[in-house]
Each structure stands twice: as C-alpha cells, then as structure tokens.
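Asker: If you scroll down you'll find the structure; I have some questions about it.
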Amino acid sequence: MPRIGIGYDIHRLEPGRPLVLGGIEVPHASGLAGHSDGDALVHAVIDALLGALGEGDIGTLFPDTDPRFEGARSLGLLETVMGRLRSRGGTVVNVDTVIVAEEPKMGPYIPAMKAALGPALGLPEAAVGIKAKTNEGLGPVGEKRAIACYAVALVDLPD
Ligand code: MG
C-alpha cells in the first residue's frame with residue numbers, strides 16, 4: 001500500500017552555531033538552534049515518514065526533554081525511524097522537500113545534502129528532491145531569524 005506523509009519544521013537561527021541542514025554542515029555565520037543539531041530539513045523528513053507510517057511525530061519519538069537527544073545528530077534520528085519503517089516491511093519510494101531560507105544560498109550544497117539523505121533513506125539521489133527558496137523578505141524567515149523546511153514522503157507498506 002502506498003502511504004503519503006507530510007512534514008514541516010522551523011528553527012531559529014543563532015549566531016555562532018554550525019548550520020546543519022540536510023545532514024551536512026553549510027558554511028554560514030549562524031546556525032539552527034535546537035535540542036538536537038537543529039537540522040530542520042531532516043526533522044521535516046522524519047515527520048513526513050512518521051506521518052506515512054501513522055506513528056505520530058518526532059516530538060513523541062525523541063522528546064526534547066530527554067537528555068539522550070541533546071546535541072543528537074538528526075541523521076541518527078532518521079536512521080532510527082528508518083529502522084522502524086523497515087521493521088514493518090516498508091520502503092521509501094521518494095521524498096520531496098523545500099528549504100525556505102533567506103540566506104545562505106543553498107544551491108551549491110544541495111548535491112551534498114542529496115548524497116547524505118539518499119543512503120539514509122535507502123534511495124537513489126534522483127528520488128530525493130531538495131528545492132530551496134527565499135521568503136521574499138517576509139516574516140521571521142525573510143528577516144533571517146529562522147529557516148523553515150517542508151517535506152513529503154511516499155512510503156510503500158505491506159498491508
Ligand atoms: Mg525540529
């Protein structure tokens with residue numbers, strides 16, 4: 001059975017933090033705040049997968065009150081979710097995502113993000129969509145105070 005899921009995440013930008021997005025570090029003067037490494041793109045993908053699985057969301061699986069997830073690599077959290085998916089006999093068909101960020105320019109880093117996310121999802125890079133756009137100066141994202149990410153995932157699950 002094909003199952004679709006949607007995910008969304010937004011994190012504040014903080015000066016001096018590494019910017020981790022799509023499983024890689026993107027050179028920038030500020031990075032995403034968070035209990036984990038703040039990787040909002042991977043968090044959105046995780047929520048899309050959990051939505052497709054009907055298994056809640058990232059906050060219930062990895063509570064930010066749990067010290068085990070302090071500074072956690074979000075790719076590691078994704079691996080845990082993929083383990084759940086595989087234990088149910090599932091496979092990911094494709095994932096598509098949008099990064100909304102005023103800066104930095106994401107284009108040069110998208111191939112490396114796809115190279116990080118593809119293997120984590122068991123997908124060829126062609127089945128991992130990553131698009132980036134600005135918010136046209138509008139709102140907290142446009143004011144460079146945050147980065148938001150959207151994701152959809154199509155999952156094949158046995159009945
Ligand atoms: Mg998050």
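Residues are referred to by chain and number: the chain letter is A, B, ... according to the order shown in the structure tokens, the number counts from 1 in that chain, and ligands are numbered separately from 1 in the order shown.
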Under the rule of at most 7 Å, produce a per-residue listing of segment 55-108 of chain A near segment 34-40 of chain A: chain, number, name, the closest pair of atoms, and the distance in Å, as a tab-separated table, using only C-alpha atoms.
Answerer:
residue	atom	partner	partner_atom	distance
A:Asp64	CA	A:His35	CA	5.9
A:Phe69	CA	A:Ser36	CA	6.0
A:Glu70	CA	A:His35	CA	5.2
A:Gly71	CA	A:Ser36	CA	4.1
A:Ala72	CA	A:Ser36	CA	4.5
A:Arg73	CA	A:Asp37	CA	5.6
A:Ser74	CA	A:Asp39	CA	6.1
Asker: Just all heavy atoms for this one: save the residues we selected as a compact mmCIF listing (two decimals), in the first residue's frame.
Answerer:
# COMPACT_ATOMS: atom_id res chain seq x y z
N ASP A 64 12.22 16.50 23.45
CA ASP A 64 13.34 17.43 23.69
C ASP A 64 13.60 17.61 25.18
O ASP A 64 14.48 18.36 25.58
CB ASP A 64 13.13 18.76 22.97
CG ASP A 64 11.92 19.52 23.48
OD1 ASP A 64 11.33 19.09 24.49
OD2 ASP A 64 11.57 20.54 22.84
N PHE A 69 18.87 12.95 23.74
CA PHE A 69 18.82 13.54 22.40
C PHE A 69 19.46 14.92 22.34
O PHE A 69 19.40 15.60 21.34
CB PHE A 69 17.37 13.58 21.89
CG PHE A 69 16.72 12.22 21.92
CD1 PHE A 69 15.55 12.01 22.65
CD2 PHE A 69 17.30 11.16 21.26
CE1 PHE A 69 14.97 10.75 22.70
CE2 PHE A 69 16.73 9.88 21.31
CZ PHE A 69 15.56 9.69 22.04
N GLU A 70 20.08 15.32 23.46
CA GLU A 70 20.78 16.60 23.50
C GLU A 70 21.95 16.57 22.51
O GLU A 70 22.83 15.71 22.59
CB GLU A 70 21.31 16.86 24.92
CG GLU A 70 22.10 18.14 25.03
CD GLU A 70 21.45 19.13 25.98
OE1 GLU A 70 20.94 18.69 27.02
OE2 GLU A 70 21.47 20.32 25.65
N GLY A 71 21.94 17.50 21.57
CA GLY A 71 23.01 17.57 20.58
C GLY A 71 23.02 16.41 19.60
O GLY A 71 24.00 16.20 18.88
N ALA A 72 21.92 15.64 19.57
CA ALA A 72 21.88 14.44 18.71
C ALA A 72 22.03 14.80 17.24
O ALA A 72 21.55 15.84 16.79
CB ALA A 72 20.56 13.69 18.93
N ARG A 73 22.71 13.93 16.51
CA ARG A 73 22.77 14.05 15.06
C ARG A 73 21.40 13.68 14.51
O ARG A 73 20.92 12.57 14.73
CB ARG A 73 23.80 13.06 14.51
CG ARG A 73 25.15 13.64 14.17
CD ARG A 73 26.10 12.52 13.74
NE ARG A 73 25.94 12.16 12.34
CZ ARG A 73 25.44 11.01 11.89
NH1 ARG A 73 25.03 10.08 12.72
NH2 ARG A 73 25.37 10.78 10.61
N SER A 74 20.80 14.58 13.76
CA SER A 74 19.46 14.29 13.24
C SER A 74 19.48 13.13 12.26
O SER A 74 18.51 12.38 12.16
CB SER A 74 18.87 15.54 12.60
OG SER A 74 18.70 16.53 13.61
Asker: Which residues are close to Leu121 of chain A, i.e. within 7 Å by only C-alpha atoms, leaving aside same-chain residues fewer than 2 positions away? Reply as number ranges by chain.
Answerer: A: 82, 92, 117-119, 123
Asker: Determine which residues of chain A DSSP labels as alpha helix (DSSP H) from the backbone of this structure, then write them out as a PyMOL selection string.
Answerer: chain A and resi 40-53+58-61+74-87+110-121+139-142
Asker: May I have all residues of chain A that DSSP, computed from the backbone, assigns to strand (DSSP E), given as number ranges by chain?
Answerer: A: 2-15, 19-21, 24-26, 30-32, 91-100, 128-133, 146-156
Asker: Go ahead and save the residues from that selection, with C-alpha atoms, as a PDB file, in the first residue's frame.
Answerer:
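After the write, out-v9.pdb holds the following:
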ATOM      1  CA  PRO A   2       1.375   3.427  -0.881  1.00  0.00           C
ATOM      2  CA  ARG A   3       1.209   5.849   2.049  1.00  0.00           C
ATOM      3  CA  ILE A   4       1.991   9.547   1.904  1.00  0.00           C
ATOM      4  CA  GLY A   5       3.195  11.757   4.754  1.00  0.00           C
ATOM      5  CA  ILE A   6       3.865  15.447   5.179  1.00  0.00           C
ATOM      6  CA  GLY A   7       6.339  17.150   7.495  1.00  0.00           C
ATOM      7  CA  TYR A   8       7.158  20.723   8.423  1.00  0.00           C
ATOM      8  CA  ASP A   9       9.728  22.261  10.736  1.00  0.00           C
ATOM      9  CA  ILE A  10      11.108  25.669  11.607  1.00  0.00           C
ATOM     10  CA  HIS A  11      14.125  26.507  13.779  1.00  0.00           C
ATOM     11  CA  ARG A  12      15.535  29.817  14.961  1.00  0.00           C
ATOM     12  CA  LEU A  13      18.915  30.949  13.637  1.00  0.00           C
ATOM     13  CA  GLU A  14      21.522  31.685  16.302  1.00  0.00           C
ATOM     14  CA  PRO A  15      24.864  33.389  15.642  1.00  0.00           C
ATOM     15  CA  LEU A  19      24.326  25.381  10.320  1.00  0.00           C
ATOM     16  CA  VAL A  20      23.414  21.712   9.901  1.00  0.00           C
ATOM     17  CA  LEU A  21      20.878  21.133   7.156  1.00  0.00           C
ATOM     18  CA  ILE A  24      25.640  18.320   6.160  1.00  0.00           C
ATOM     19  CA  GLU A  25      27.229  21.448   7.573  1.00  0.00           C
ATOM     20  CA  VAL A  26      26.573  24.520   5.432  1.00  0.00           C
ATOM     21  CA  SER A  30      24.600  31.460  12.155  1.00  0.00           C
ATOM     22  CA  GLY A  31      23.084  28.037  12.668  1.00  0.00           C
ATOM     23  CA  LEU A  32      19.821  26.442  13.701  1.00  0.00           C
ATOM     24  CA  THR A  91      10.377   1.030   1.780  1.00  0.00           C
ATOM     25  CA  VAL A  92      10.537   4.702   0.869  1.00  0.00           C
ATOM     26  CA  VAL A  93       9.515   5.401  -2.744  1.00  0.00           C
ATOM     27  CA  ASN A  94      10.588   9.033  -2.856  1.00  0.00           C
ATOM     28  CA  VAL A  95      10.914  12.142  -0.735  1.00  0.00           C
ATOM     29  CA  ASP A  96      10.477  15.731  -1.830  1.00  0.00           C
ATOM     30  CA  THR A  97      11.396  18.765   0.240  1.00  0.00           C
ATOM     31  CA  VAL A  98      11.572  22.549   0.244  1.00  0.00           C
ATOM     32  CA  ILE A  99      14.013  24.654   2.277  1.00  0.00           C
ATOM     33  CA  VAL A 100      12.821  28.218   2.901  1.00  0.00           C
ATOM     34  CA  VAL A 128      15.374  12.774  -3.083  1.00  0.00           C
ATOM     35  CA  GLY A 129      14.031  16.184  -4.061  1.00  0.00           C
ATOM     36  CA  ILE A 130      15.517  19.249  -2.370  1.00  0.00           C
ATOM     37  CA  LYS A 131      14.430  22.676  -3.503  1.00  0.00           C
ATOM     38  CA  ALA A 132      15.390  25.968  -1.912  1.00  0.00           C
ATOM     39  CA  LYS A 133      13.741  29.355  -2.000  1.00  0.00           C
ATOM     40  CA  ALA A 146      14.700  31.286  11.126  1.00  0.00           C
ATOM     41  CA  ILE A 147      14.821  28.592   8.461  1.00  0.00           C
ATOM     42  CA  ALA A 148      11.723  26.534   7.634  1.00  0.00           C
ATOM     43  CA  CYS A 149      11.508  23.216   5.798  1.00  0.00           C
ATOM     44  CA  TYR A 150       8.706  21.212   4.231  1.00  0.00           C
ATOM     45  CA  ALA A 151       8.793  17.545   3.220  1.00  0.00           C
ATOM     46  CA  VAL A 152       6.557  14.905   1.726  1.00  0.00           C
ATOM     47  CA  ALA A 153       7.375  11.216   1.686  1.00  0.00           C
ATOM     48  CA  LEU A 154       5.829   8.334  -0.228  1.00  0.00           C
ATOM     49  CA  VAL A 155       6.213   5.021   1.568  1.00  0.00           C
ATOM     50  CA  ASP A 156       5.341   1.523   0.368  1.00  0.00           C
TER      51      ASP A 156
END
Asker: For segment 59-63 of chain A, please output as a list in words all residues within 10 Å (counting only C-alpha atoms; exclusion window: fewer than 2 positions along the same chain).
Answerer: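 Selected residues are His35, Ser36, His43, Asp47, Leu50, Glu55, Gly56, Asp57, Thr65, Asp66, Pro67, Arg68, Phe69, Glu70, Ala72, Leu77, Thr80 and Val81 of chain A.
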Asker: Record the distance separating atom CA of Leu75 of chain A and atom CA of Pro18 of chain A, expressed in Å with one decimal.
Answerer: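 According to the coordinates, atom CA of Leu75 of chain A and atom CA of Pro18 of chain A are separated by 15.3 Å.
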Asker: My list of candidates is A:Gly83, A:Ala52, A:Val141, A:Val45. Which is closest to ligand 1 when distances are computed with only C-alpha atoms and all ligand atoms?
Answerer: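 Answer, going by the shortest atom-to-atom distance: A:Val45.
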Asker: Quick check, in Å to one decimal: how far apart do atom CA of Gly76 of chain A and atom CA of Leu41 of chain A lie?
Answerer: 13.5 Å
Asker: Would you please work out which residue, of A:Met113, A:Met1, A:Ala44, A:Leu85, is nearest to ligand 1 when using only C-alpha atoms and all ligand atoms?
Answerer: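 Between A:Met113, A:Met1, A:Ala44, A:Leu85, the residue approaching ligand 1 most closely is A:Ala44.
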Asker: Atom CA of Leu53 of chain A and atom CA of Gly22 of chain A, how far apart in Å?
Answerer: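 Going from atom CA of Gly22 of chain A over to atom CA of Leu53 of chain A covers 21.2 Å.
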Asker: Given the choices A:Asn135, A:Ala33, A:His28, A:Ser87, which gets closest to ligand 1 if the distance is worked out from only C-alpha atoms and all ligand atoms?
Answerer: A:Ala33
